[in-house]
Amino acid sequence: MNAKRRRWLWWLALLAVLGFALLARGYWNATRDPVVRTATVGVTAWPEGQPPLRILLLSDTHVAGPDMPPERLARIMAGLNRLRPDLVLVAGDLVSEKRLATRIYTPRDVVAPLAKLHAPLGVVVTPGNHDHWFAPDALRDELERLGVRVLQNEAIKLGPLIVGGIDDDYSGHDDVPKTLAAMDALGSGVPLIVSHSPDVIPAIRRPVAGVFAGHTHCGQIRFPFVGAITYVSRYGDRFACGDMTENGQRIFVGAGLGTSILPLRFLTPPDVWLVTLGPRVTPDG
């Protein structure tokens with residue numbers, strides 16, 4: 001073997017090692033424990049005498065092999081109880097049917113880990129696009145069997161909160177006016193909205209204490225200087241990720257827990273949001 005051929009083989013071997021290391025790093029990022037992000041929202045019309053409430057937002061659990069078997073999700077859910085949330089909002093995409101999945105689970109297996117969550121005001125789910133593409137009726141039946149409330153352009157009053165759940169925008173199941181009407185029918189309370197996709201936000205057109213969403217995965221795969229491959233949003237990066245305020249409206253978009261298409265994450269660790277709602281503090285106290 002001549003020297004030139006040996007050099008090419010060494011370069012190919014080096015590239016193969018670097019490629020494997022990159023994929024391994026991406027898989028490690030996808031399977032690490034979620035980052036817990038925190039925020040506080042001051043509500044002007046907070047009920048007198050009502051203690052602050054902790055709202056836990058999680059999304060995009062995407063149960064599927066290899067990166068999110070039900071056992072891993074159950075462990076994450078049990079660990080999140082240490083945050084002592086008063087209400088858990090799950091912003092859709094419970095399942096993944098990605099082509100590279102090593103295993104697709106049944107609706108019962110997908111939903112079962114949510115039974116590990118404990119919150120005095122309960123757990124509320126709005127479906128995502130992958131849920132609608134998979135088995136929406138079966139998923140809803142399993143959720144309701146566990147006592148989880150599913151909101152599809154509906155609303156529910158939980159303590160001092162009025163929670164509106166907008167069905168998935170990406171698959172065309174959303175109905176913002178119907179959801180707002182359902183919230184109005186419940187009378188007075190602190191309004192919140194949960195939706196899988198943040199693309200519904202421009203259609204809400206009235207302030208609520210907070211809008212909670214997922215779907216974007218905060219890009220899932222992002223590269224330095226380049227950014228994300230996609231946010232799967234018709235608004236680009238407008239509602240891409242994190243704690244945002246637009247026209248006075250507080251918005252939280254989570255990176256999610258699972259993955260879509262590829263079981264990899266780069267520069268976007270899994271996360272959840274713990275948002276504390278309480279009375280707005282004025283400068284004069």
# chains A, B, ... in the order shown; residues from 1 in each chain; ligands from 1
$ select_by_dssp --residues "stretch 37-266 of chain A" --states "alpha helix (DSSP H)" --output "number ranges by chain"
A: 70-80, 107-111, 129-134, 136-145, 176-184, 201-204
$ select_by_dssp --residues "stretch 22-240 of chain A" --states "strand (DSSP E or B)" --output "ChimeraX atom specification"
/A:35-43,53-58,63-65,68,87-90,95,103,123-125,149-150,154-158,161-166,190-195,210-213,221-223,227-228
$ atom_distance --atom1 "atom CA of A:Ala185" --atom2 "atom CA of A:Gly164"
11.2 Å
$ closest_atom_pairs --of "stretch 49-92 of chain A" --to "stretch 113-118 of chain A" --cutoff "7 Å" --atoms "only C-alpha atoms" --output "JSON lines"
{"residue": "A:Pro70", "atom": "CA", "partner": "A:Pro113", "partner_atom": "CA", "distance": 6.3}
{"residue": "A:Leu73", "atom": "CA", "partner": "A:Pro113", "partner_atom": "CA", "distance": 6.0}
{"residue": "A:Ala74", "atom": "CA", "partner": "A:Pro113", "partner_atom": "CA", "distance": 4.3}
{"residue": "A:Met77", "atom": "CA", "partner": "A:Leu117", "partner_atom": "CA", "distance": 5.7}
{"residue": "A:Ala78", "atom": "CA", "partner": "A:Lys116", "partner_atom": "CA", "distance": 5.4}
{"residue": "A:Asn81", "atom": "CA", "partner": "A:His118", "partner_atom": "CA", "distance": 6.2}
$ closest_atom_pairs --of "stretch 221-276 of chain A" --to "stretch 33-37 of chain A" --cutoff "8 Å" --atoms "only C-alpha atoms" --output "JSON lines"
{"residue": "A:Leu257", "atom": "CA", "partner": "A:Pro34", "partner_atom": "CA", "distance": 6.7}
{"residue": "A:Pro269", "atom": "CA", "partner": "A:Pro34", "partner_atom": "CA", "distance": 6.8}
{"residue": "A:Pro270", "atom": "CA", "partner": "A:Pro34", "partner_atom": "CA", "distance": 4.6}
{"residue": "A:Asp271", "atom": "CA", "partner": "A:Pro34", "partner_atom": "CA", "distance": 4.4}
{"residue": "A:Val272", "atom": "CA", "partner": "A:Val36", "partner_atom": "CA", "distance": 5.2}
{"residue": "A:Trp273", "atom": "CA", "partner": "A:Arg37", "partner_atom": "CA", "distance": 4.8}
{"residue": "A:Leu274", "atom": "CA", "partner": "A:Arg37", "partner_atom": "CA", "distance": 6.1}
$ write_last_selection --atoms "all heavy atoms" --output "PDB file, in the first residue's frame"
ATOM      1  N   LEU A 257     -39.413  17.027  25.741  1.00  0.00           N
ATOM      2  CA  LEU A 257     -38.644  15.976  26.394  1.00  0.00           C
ATOM      3  C   LEU A 257     -38.108  14.940  25.409  1.00  0.00           C
ATOM      4  O   LEU A 257     -37.019  14.409  25.593  1.00  0.00           O
ATOM      5  CB  LEU A 257     -39.512  15.272  27.453  1.00  0.00           C
ATOM      6  CG  LEU A 257     -39.968  16.143  28.616  1.00  0.00           C
ATOM      7  CD1 LEU A 257     -40.916  15.361  29.518  1.00  0.00           C
ATOM      8  CD2 LEU A 257     -38.772  16.644  29.420  1.00  0.00           C
ATOM      9  N   PRO A 269     -31.141  21.177  24.878  1.00  0.00           N
ATOM     10  CA  PRO A 269     -31.420  20.081  25.810  1.00  0.00           C
ATOM     11  C   PRO A 269     -32.915  19.953  26.082  1.00  0.00           C
ATOM     12  O   PRO A 269     -33.672  20.924  25.938  1.00  0.00           O
ATOM     13  CB  PRO A 269     -30.672  20.518  27.082  1.00  0.00           C
ATOM     14  CG  PRO A 269     -30.606  22.008  26.986  1.00  0.00           C
ATOM     15  CD  PRO A 269     -30.439  22.306  25.516  1.00  0.00           C
ATOM     16  N   PRO A 270     -33.368  18.768  26.458  1.00  0.00           N
ATOM     17  CA  PRO A 270     -34.766  18.640  26.896  1.00  0.00           C
ATOM     18  C   PRO A 270     -35.026  19.592  28.062  1.00  0.00           C
ATOM     19  O   PRO A 270     -34.128  19.837  28.882  1.00  0.00           O
ATOM     20  CB  PRO A 270     -34.867  17.172  27.351  1.00  0.00           C
ATOM     21  CG  PRO A 270     -33.684  16.489  26.760  1.00  0.00           C
ATOM     22  CD  PRO A 270     -32.615  17.520  26.622  1.00  0.00           C
ATOM     23  N   ASP A 271     -36.241  20.126  28.137  1.00  0.00           N
ATOM     24  CA  ASP A 271     -36.528  21.003  29.264  1.00  0.00           C
ATOM     25  C   ASP A 271     -37.999  20.982  29.636  1.00  0.00           C
ATOM     26  O   ASP A 271     -38.845  20.469  28.890  1.00  0.00           O
ATOM     27  CB  ASP A 271     -36.040  22.440  29.003  1.00  0.00           C
ATOM     28  CG  ASP A 271     -36.881  23.244  28.017  1.00  0.00           C
ATOM     29  OD1 ASP A 271     -38.010  22.829  27.688  1.00  0.00           O
ATOM     30  OD2 ASP A 271     -36.416  24.318  27.566  1.00  0.00           O
ATOM     31  N   VAL A 272     -38.267  21.508  30.824  1.00  0.00           N
ATOM     32  CA  VAL A 272     -39.618  21.805  31.295  1.00  0.00           C
ATOM     33  C   VAL A 272     -39.579  23.209  31.883  1.00  0.00           C
ATOM     34  O   VAL A 272     -38.509  23.729  32.201  1.00  0.00           O
ATOM     35  CB  VAL A 272     -40.103  20.793  32.362  1.00  0.00           C
ATOM     36  CG1 VAL A 272     -40.137  19.375  31.804  1.00  0.00           C
ATOM     37  CG2 VAL A 272     -39.243  20.855  33.625  1.00  0.00           C
ATOM     38  N   TRP A 273     -40.768  23.803  32.009  1.00  0.00           N
ATOM     39  CA  TRP A 273     -40.870  25.128  32.608  1.00  0.00           C
ATOM     40  C   TRP A 273     -41.705  25.047  33.884  1.00  0.00           C
ATOM     41  O   TRP A 273     -42.777  24.452  33.882  1.00  0.00           O
ATOM     42  CB  TRP A 273     -41.541  26.117  31.646  1.00  0.00           C
ATOM     43  CG  TRP A 273     -40.583  26.712  30.663  1.00  0.00           C
ATOM     44  CD1 TRP A 273     -40.283  26.253  29.417  1.00  0.00           C
ATOM     45  CD2 TRP A 273     -39.774  27.879  30.873  1.00  0.00           C
ATOM     46  NE1 TRP A 273     -39.344  27.060  28.824  1.00  0.00           N
ATOM     47  CE2 TRP A 273     -39.014  28.063  29.689  1.00  0.00           C
ATOM     48  CE3 TRP A 273     -39.623  28.771  31.927  1.00  0.00           C
ATOM     49  CZ2 TRP A 273     -38.117  29.119  29.549  1.00  0.00           C
ATOM     50  CZ3 TRP A 273     -38.735  29.822  31.779  1.00  0.00           C
ATOM     51  CH2 TRP A 273     -37.983  29.999  30.606  1.00  0.00           C
ATOM     52  N   LEU A 274     -41.196  25.638  34.959  1.00  0.00           N
ATOM     53  CA  LEU A 274     -41.954  25.794  36.200  1.00  0.00           C
ATOM     54  C   LEU A 274     -42.219  27.283  36.371  1.00  0.00           C
ATOM     55  O   LEU A 274     -41.310  28.066  36.667  1.00  0.00           O
ATOM     56  CB  LEU A 274     -41.173  25.247  37.393  1.00  0.00           C
ATOM     57  CG  LEU A 274     -41.935  25.250  38.716  1.00  0.00           C
ATOM     58  CD1 LEU A 274     -43.095  24.254  38.676  1.00  0.00           C
ATOM     59  CD2 LEU A 274     -41.004  24.948  39.886  1.00  0.00           C
TER      60      LEU A 274
END
$ residues_around --residues "stretch 90-93 of chain A" --least-positions-apart "2" --cutoff "9 Å" --atoms "only C-alpha atoms" --output "MDAnalysis selection string"
chainID A and resid 56:63 88 95:96 123:132 165 167:168 194:197 212:215 254 256
$ write_last_selection --atoms "N, CA, C and O atoms" --output "short mmCIF file (atom, residue, chain, number, x, y, z; two decimals), in the first residue's frame"
data_model
loop_
_atom_site.label_atom_id
_atom_site.label_comp_id
_atom_site.auth_asym_id
_atom_site.auth_seq_id
_atom_site.Cartn_x
_atom_site.Cartn_y
_atom_site.Cartn_z
N LEU A 56 -46.49 23.71 35.92
CA LEU A 56 -45.43 22.96 35.26
C LEU A 56 -45.83 22.70 33.81
O LEU A 56 -46.86 22.08 33.55
N LEU A 57 -45.02 23.18 32.87
CA LEU A 57 -45.24 22.94 31.45
C LEU A 57 -44.26 21.89 30.96
O LEU A 57 -43.04 22.03 31.12
N LEU A 58 -44.80 20.83 30.37
CA LEU A 58 -43.97 19.88 29.65
C LEU A 58 -44.64 19.57 28.32
O LEU A 58 -45.85 19.75 28.16
N SER A 59 -43.85 19.15 27.37
CA SER A 59 -44.40 18.93 26.02
C SER A 59 -43.55 17.90 25.29
O SER A 59 -42.46 17.52 25.72
N ASP A 60 -44.08 17.46 24.15
CA ASP A 60 -43.32 16.67 23.18
C ASP A 60 -42.58 15.51 23.84
O ASP A 60 -41.37 15.33 23.66
N THR A 61 -43.32 14.72 24.61
CA THR A 61 -42.70 13.55 25.24
C THR A 61 -42.29 12.52 24.19
O THR A 61 -41.33 11.78 24.38
N HIS A 62 -43.02 12.41 23.09
CA HIS A 62 -42.62 11.59 21.93
C HIS A 62 -42.15 10.19 22.34
O HIS A 62 -41.01 9.78 22.05
N VAL A 63 -43.01 9.46 23.01
CA VAL A 63 -42.65 8.11 23.43
C VAL A 63 -42.41 7.22 22.22
O VAL A 63 -43.28 7.07 21.36
N VAL A 88 -50.21 20.71 36.18
CA VAL A 88 -49.32 20.29 35.10
C VAL A 88 -50.03 20.47 33.77
O VAL A 88 -51.15 19.97 33.59
N VAL A 95 -46.64 11.01 21.55
CA VAL A 95 -46.14 9.82 20.87
C VAL A 95 -45.24 10.24 19.71
O VAL A 95 -45.31 11.38 19.22
N SER A 96 -44.41 9.31 19.28
CA SER A 96 -43.65 9.51 18.05
C SER A 96 -43.74 8.24 17.23
O SER A 96 -43.62 7.14 17.75
N VAL A 123 -53.76 17.31 35.99
CA VAL A 123 -52.94 17.30 34.78
C VAL A 123 -53.86 17.54 33.59
O VAL A 123 -54.91 16.90 33.46
N VAL A 124 -53.48 18.49 32.73
CA VAL A 124 -54.27 18.84 31.54
C VAL A 124 -53.41 18.62 30.30
O VAL A 124 -52.25 19.02 30.26
N VAL A 125 -54.00 17.98 29.30
CA VAL A 125 -53.30 17.68 28.05
C VAL A 125 -54.04 18.28 26.87
O VAL A 125 -55.28 18.21 26.82
N THR A 126 -53.31 18.88 25.94
CA THR A 126 -53.86 19.20 24.62
C THR A 126 -53.10 18.37 23.59
O THR A 126 -51.88 18.24 23.68
N PRO A 127 -53.78 17.80 22.60
CA PRO A 127 -53.10 16.94 21.64
C PRO A 127 -52.17 17.72 20.71
O PRO A 127 -52.36 18.91 20.46
N GLY A 128 -51.18 16.99 20.18
CA GLY A 128 -50.30 17.54 19.16
C GLY A 128 -50.51 16.86 17.83
O GLY A 128 -51.33 15.93 17.70
N ASN A 129 -49.77 17.30 16.83
CA ASN A 129 -49.94 16.74 15.49
C ASN A 129 -49.63 15.24 15.43
O ASN A 129 -50.34 14.46 14.77
N HIS A 130 -48.58 14.81 16.14
CA HIS A 130 -48.26 13.39 16.11
C HIS A 130 -49.34 12.55 16.79
O HIS A 130 -49.57 11.40 16.39
N ASP A 131 -50.00 13.11 17.78
CA ASP A 131 -51.11 12.38 18.42
C ASP A 131 -52.26 12.19 17.45
O ASP A 131 -52.86 11.11 17.38
N HIS A 132 -52.55 13.23 16.68
CA HIS A 132 -53.63 13.13 15.68
C HIS A 132 -53.27 12.17 14.57
O HIS A 132 -54.15 11.49 14.02
N GLY A 165 -57.76 24.99 26.45
CA GLY A 165 -56.87 24.12 25.69
C GLY A 165 -57.22 24.16 24.22
O GLY A 165 -58.31 23.73 23.81
N ASP A 167 -56.78 22.89 20.49
CA ASP A 167 -56.32 21.70 19.78
C ASP A 167 -55.24 22.07 18.75
O ASP A 167 -55.02 23.25 18.47
N ASP A 168 -54.60 21.06 18.19
CA ASP A 168 -53.39 21.27 17.40
C ASP A 168 -53.61 22.09 16.13
O ASP A 168 -54.45 21.75 15.29
N VAL A 194 -53.23 26.71 26.95
CA VAL A 194 -52.23 25.73 26.57
C VAL A 194 -52.56 25.22 25.18
O VAL A 194 -53.72 24.98 24.85
N SER A 195 -51.54 25.10 24.35
CA SER A 195 -51.71 24.63 22.98
C SER A 195 -50.43 23.95 22.55
O SER A 195 -49.33 24.35 22.96
N HIS A 196 -50.55 22.92 21.74
CA HIS A 196 -49.32 22.27 21.27
C HIS A 196 -48.46 23.25 20.48
O HIS A 196 -47.28 23.44 20.78
N SER A 197 -49.02 23.87 19.47
CA SER A 197 -48.25 24.78 18.62
C SER A 197 -48.43 26.23 19.08
O SER A 197 -49.56 26.67 19.31
N PHE A 212 -48.99 28.71 27.02
CA PHE A 212 -48.02 27.65 27.20
C PHE A 212 -48.07 26.71 25.99
O PHE A 212 -49.15 26.25 25.61
N ALA A 213 -46.91 26.43 25.40
CA ALA A 213 -46.88 25.64 24.17
C ALA A 213 -45.59 24.86 24.06
O ALA A 213 -44.65 25.00 24.87
N GLY A 214 -45.53 24.02 23.01
CA GLY A 214 -44.34 23.23 22.71
C GLY A 214 -44.12 23.24 21.20
O GLY A 214 -44.06 24.27 20.57
N HIS A 215 -44.01 22.03 20.63
CA HIS A 215 -43.98 21.80 19.18
C HIS A 215 -42.66 22.16 18.50
O HIS A 215 -42.17 21.40 17.66
N GLY A 254 -41.73 25.39 25.34
CA GLY A 254 -40.74 24.45 25.83
C GLY A 254 -40.02 23.71 24.72
O GLY A 254 -40.52 23.55 23.61
N GLY A 256 -39.37 20.61 24.97
CA GLY A 256 -39.89 19.25 24.96
C GLY A 256 -38.94 18.27 25.62
O GLY A 256 -37.82 18.61 26.02
#
$ atom_distance --atom1 "atom CA of A:Ser260" --atom2 "atom CA of A:Ile104"
13.0 Å
$ atom_distance --atom1 "atom CA of A:Asn247" --atom2 "atom CA of A:Thr276"
20.7 Å
$ closest_residue --among "A:Arg84, A:Arg108, A:Lys178, A:Arg25" --to "A:Glu142" --atoms "only C-alpha atoms"
A:Arg108
$ closest_residue --among "A:Leu87, A:Val43, A:Met68, A:Ala240" --to "A:Thr102" --atoms "only C-alpha atoms"
A:Met68
$ residues_around --residues "A:Leu180" --least-positions-apart "5" --cutoff "10 Å" --atoms "only C-alpha atoms" --output "list in words"
Asn153, Glu154, Ala155, Val163, Gly164, Gly165, Ile166, Asp175, Ala185, Pro191, Ile193, Ile204 and Arg206 of chain A
$ write_last_selection --atoms "all heavy atoms" --output "PDB file, in the first residue's frame"
ATOM      1  N   ASN A 153     -60.069  22.411  22.159  1.00  0.00           N
ATOM      2  CA  ASN A 153     -60.882  23.614  21.957  1.00  0.00           C
ATOM      3  C   ASN A 153     -61.961  23.696  23.029  1.00  0.00           C
ATOM      4  O   ASN A 153     -63.112  24.038  22.775  1.00  0.00           O
ATOM      5  CB  ASN A 153     -61.494  23.604  20.555  1.00  0.00           C
ATOM      6  CG  ASN A 153     -60.436  23.469  19.479  1.00  0.00           C
ATOM      7  OD1 ASN A 153     -59.398  24.133  19.517  1.00  0.00           O
ATOM      8  ND2 ASN A 153     -60.677  22.592  18.517  1.00  0.00           N
ATOM      9  N   GLU A 154     -61.541  23.402  24.255  1.00  0.00           N
ATOM     10  CA  GLU A 154     -62.419  23.386  25.423  1.00  0.00           C
ATOM     11  C   GLU A 154     -61.748  24.150  26.550  1.00  0.00           C
ATOM     12  O   GLU A 154     -60.610  24.587  26.442  1.00  0.00           O
ATOM     13  CB  GLU A 154     -62.682  21.935  25.857  1.00  0.00           C
ATOM     14  CG  GLU A 154     -63.319  21.066  24.777  1.00  0.00           C
ATOM     15  CD  GLU A 154     -63.240  19.590  25.104  1.00  0.00           C
ATOM     16  OE1 GLU A 154     -62.127  19.019  25.019  1.00  0.00           O
ATOM     17  OE2 GLU A 154     -64.285  19.008  25.447  1.00  0.00           O
ATOM     18  N   ALA A 155     -62.456  24.277  27.668  1.00  0.00           N
ATOM     19  CA  ALA A 155     -61.911  24.974  28.827  1.00  0.00           C
ATOM     20  C   ALA A 155     -62.393  24.308  30.095  1.00  0.00           C
ATOM     21  O   ALA A 155     -63.421  23.620  30.117  1.00  0.00           O
ATOM     22  CB  ALA A 155     -62.301  26.451  28.805  1.00  0.00           C
ATOM     23  N   VAL A 163     -58.537  27.416  32.457  1.00  0.00           N
ATOM     24  CA  VAL A 163     -57.560  26.894  31.503  1.00  0.00           C
ATOM     25  C   VAL A 163     -58.262  26.561  30.193  1.00  0.00           C
ATOM     26  O   VAL A 163     -59.173  25.731  30.159  1.00  0.00           O
ATOM     27  CB  VAL A 163     -56.862  25.636  32.059  1.00  0.00           C
ATOM     28  CG1 VAL A 163     -55.830  25.116  31.059  1.00  0.00           C
ATOM     29  CG2 VAL A 163     -56.200  25.942  33.405  1.00  0.00           C
ATOM     30  N   GLY A 164     -57.833  27.222  29.132  1.00  0.00           N
ATOM     31  CA  GLY A 164     -58.326  26.910  27.801  1.00  0.00           C
ATOM     32  C   GLY A 164     -57.304  26.072  27.060  1.00  0.00           C
ATOM     33  O   GLY A 164     -56.118  26.384  27.066  1.00  0.00           O
ATOM     34  N   GLY A 165     -57.762  24.988  26.446  1.00  0.00           N
ATOM     35  CA  GLY A 165     -56.875  24.124  25.690  1.00  0.00           C
ATOM     36  C   GLY A 165     -57.220  24.160  24.216  1.00  0.00           C
ATOM     37  O   GLY A 165     -58.306  23.731  23.815  1.00  0.00           O
ATOM     38  N   ILE A 166     -56.315  24.697  23.402  1.00  0.00           N
ATOM     39  CA  ILE A 166     -56.537  24.789  21.959  1.00  0.00           C
ATOM     40  C   ILE A 166     -55.961  23.550  21.286  1.00  0.00           C
ATOM     41  O   ILE A 166     -54.792  23.207  21.499  1.00  0.00           O
ATOM     42  CB  ILE A 166     -55.887  26.061  21.384  1.00  0.00           C
ATOM     43  CG1 ILE A 166     -56.458  27.311  22.071  1.00  0.00           C
ATOM     44  CG2 ILE A 166     -56.115  26.143  19.877  1.00  0.00           C
ATOM     45  CD1 ILE A 166     -55.749  28.603  21.679  1.00  0.00           C
ATOM     46  N   ASP A 175     -59.271  25.630  17.098  1.00  0.00           N
ATOM     47  CA  ASP A 175     -60.429  26.535  16.996  1.00  0.00           C
ATOM     48  C   ASP A 175     -60.314  27.529  18.138  1.00  0.00           C
ATOM     49  O   ASP A 175     -60.839  27.306  19.236  1.00  0.00           O
ATOM     50  CB  ASP A 175     -61.742  25.752  17.072  1.00  0.00           C
ATOM     51  CG  ASP A 175     -62.955  26.613  16.702  1.00  0.00           C
ATOM     52  OD1 ASP A 175     -62.894  27.841  16.936  1.00  0.00           O
ATOM     53  OD2 ASP A 175     -63.948  26.051  16.202  1.00  0.00           O
ATOM     54  N   ALA A 185     -67.484  31.257  29.194  1.00  0.00           N
ATOM     55  CA  ALA A 185     -68.664  30.625  29.794  1.00  0.00           C
ATOM     56  C   ALA A 185     -68.424  30.172  31.229  1.00  0.00           C
ATOM     57  O   ALA A 185     -69.384  29.916  31.974  1.00  0.00           O
ATOM     58  CB  ALA A 185     -69.103  29.438  28.943  1.00  0.00           C
ATOM     59  N   PRO A 191     -57.057  33.563  33.556  1.00  0.00           N
ATOM     60  CA  PRO A 191     -57.060  32.773  32.317  1.00  0.00           C
ATOM     61  C   PRO A 191     -55.668  32.334  31.884  1.00  0.00           C
ATOM     62  O   PRO A 191     -54.716  33.114  31.889  1.00  0.00           O
ATOM     63  CB  PRO A 191     -57.661  33.745  31.301  1.00  0.00           C
ATOM     64  CG  PRO A 191     -57.233  35.098  31.797  1.00  0.00           C
ATOM     65  CD  PRO A 191     -57.179  35.003  33.301  1.00  0.00           C
ATOM     66  N   ILE A 193     -53.819  29.681  28.703  1.00  0.00           N
ATOM     67  CA  ILE A 193     -54.062  28.910  27.484  1.00  0.00           C
ATOM     68  C   ILE A 193     -52.893  27.961  27.252  1.00  0.00           C
ATOM     69  O   ILE A 193     -51.732  28.356  27.370  1.00  0.00           O
ATOM     70  CB  ILE A 193     -54.256  29.825  26.263  1.00  0.00           C
ATOM     71  CG1 ILE A 193     -55.629  30.502  26.337  1.00  0.00           C
ATOM     72  CG2 ILE A 193     -54.126  29.051  24.953  1.00  0.00           C
ATOM     73  CD1 ILE A 193     -55.923  31.459  25.213  1.00  0.00           C
ATOM     74  N   ILE A 204     -55.181  34.747  19.226  1.00  0.00           N
ATOM     75  CA  ILE A 204     -55.828  34.863  20.549  1.00  0.00           C
ATOM     76  C   ILE A 204     -56.348  36.278  20.767  1.00  0.00           C
ATOM     77  O   ILE A 204     -57.473  36.483  21.228  1.00  0.00           O
ATOM     78  CB  ILE A 204     -54.861  34.415  21.656  1.00  0.00           C
ATOM     79  CG1 ILE A 204     -54.558  32.921  21.490  1.00  0.00           C
ATOM     80  CG2 ILE A 204     -55.460  34.678  23.037  1.00  0.00           C
ATOM     81  CD1 ILE A 204     -53.491  32.387  22.424  1.00  0.00           C
ATOM     82  N   ARG A 206     -56.271  38.647  22.789  1.00  0.00           N
ATOM     83  CA  ARG A 206     -56.650  39.248  24.065  1.00  0.00           C
ATOM     84  C   ARG A 206     -55.719  38.692  25.123  1.00  0.00           C
ATOM     85  O   ARG A 206     -55.243  37.558  25.000  1.00  0.00           O
ATOM     86  CB  ARG A 206     -58.104  38.968  24.410  1.00  0.00           C
ATOM     87  CG  ARG A 206     -58.408  37.573  24.873  1.00  0.00           C
ATOM     88  CD  ARG A 206     -59.911  37.426  25.072  1.00  0.00           C
ATOM     89  NE  ARG A 206     -60.254  36.313  25.916  1.00  0.00           N
ATOM     90  CZ  ARG A 206     -61.476  35.822  26.021  1.00  0.00           C
ATOM     91  NH1 ARG A 206     -62.463  36.366  25.319  1.00  0.00           N
ATOM     92  NH2 ARG A 206     -61.729  34.815  26.823  1.00  0.00           N
TER      93      ARG A 206
END
$ residues_around --residues "A:Arg280" --least-positions-apart "6" --cutoff "12 Å" --atoms "only C-alpha atoms" --output "VMD selection string"
chain A and resid 40 to 48 52 209
$ residues_around --residues "A:Gly242" --least-positions-apart "5" --cutoff "8 Å" --atoms "only C-alpha atoms" --output "PDB file with N, CA and C atoms, in the first residue's frame"
ATOM      1  N   CYS A 218     -37.559  23.862  20.363  1.00  0.00           N
ATOM      2  CA  CYS A 218     -36.510  24.891  20.373  1.00  0.00           C
ATOM      3  C   CYS A 218     -35.501  24.652  19.247  1.00  0.00           C
ATOM      4  N   ILE A 251     -45.484  34.451  27.120  1.00  0.00           N
ATOM      5  CA  ILE A 251     -45.532  33.212  26.344  1.00  0.00           C
ATOM      6  C   ILE A 251     -44.392  32.306  26.794  1.00  0.00           C
ATOM      7  N   PHE A 252     -44.703  31.017  26.954  1.00  0.00           N
ATOM      8  CA  PHE A 252     -43.682  30.029  27.295  1.00  0.00           C
ATOM      9  C   PHE A 252     -43.742  28.890  26.273  1.00  0.00           C
ATOM     10  N   VAL A 253     -42.625  28.649  25.612  1.00  0.00           N
ATOM     11  CA  VAL A 253     -42.531  27.559  24.636  1.00  0.00           C
ATOM     12  C   VAL A 253     -41.390  26.645  25.067  1.00  0.00           C
ATOM     13  N   GLY A 254     -41.733  25.389  25.342  1.00  0.00           N
ATOM     14  CA  GLY A 254     -40.739  24.447  25.835  1.00  0.00           C
ATOM     15  C   GLY A 254     -40.018  23.714  24.721  1.00  0.00           C
ATOM     16  N   ALA A 255     -38.813  23.230  25.046  1.00  0.00           N
ATOM     17  CA  ALA A 255     -38.026  22.437  24.100  1.00  0.00           C
ATOM     18  C   ALA A 255     -38.525  21.007  24.013  1.00  0.00           C
TER      19      ALA A 255
END
$ closest_residue --among "A:Glu97, A:Asp169, A:Glu144, A:Glu246" --to "A:Gly210" --atoms "only C-alpha atoms"
A:Glu246
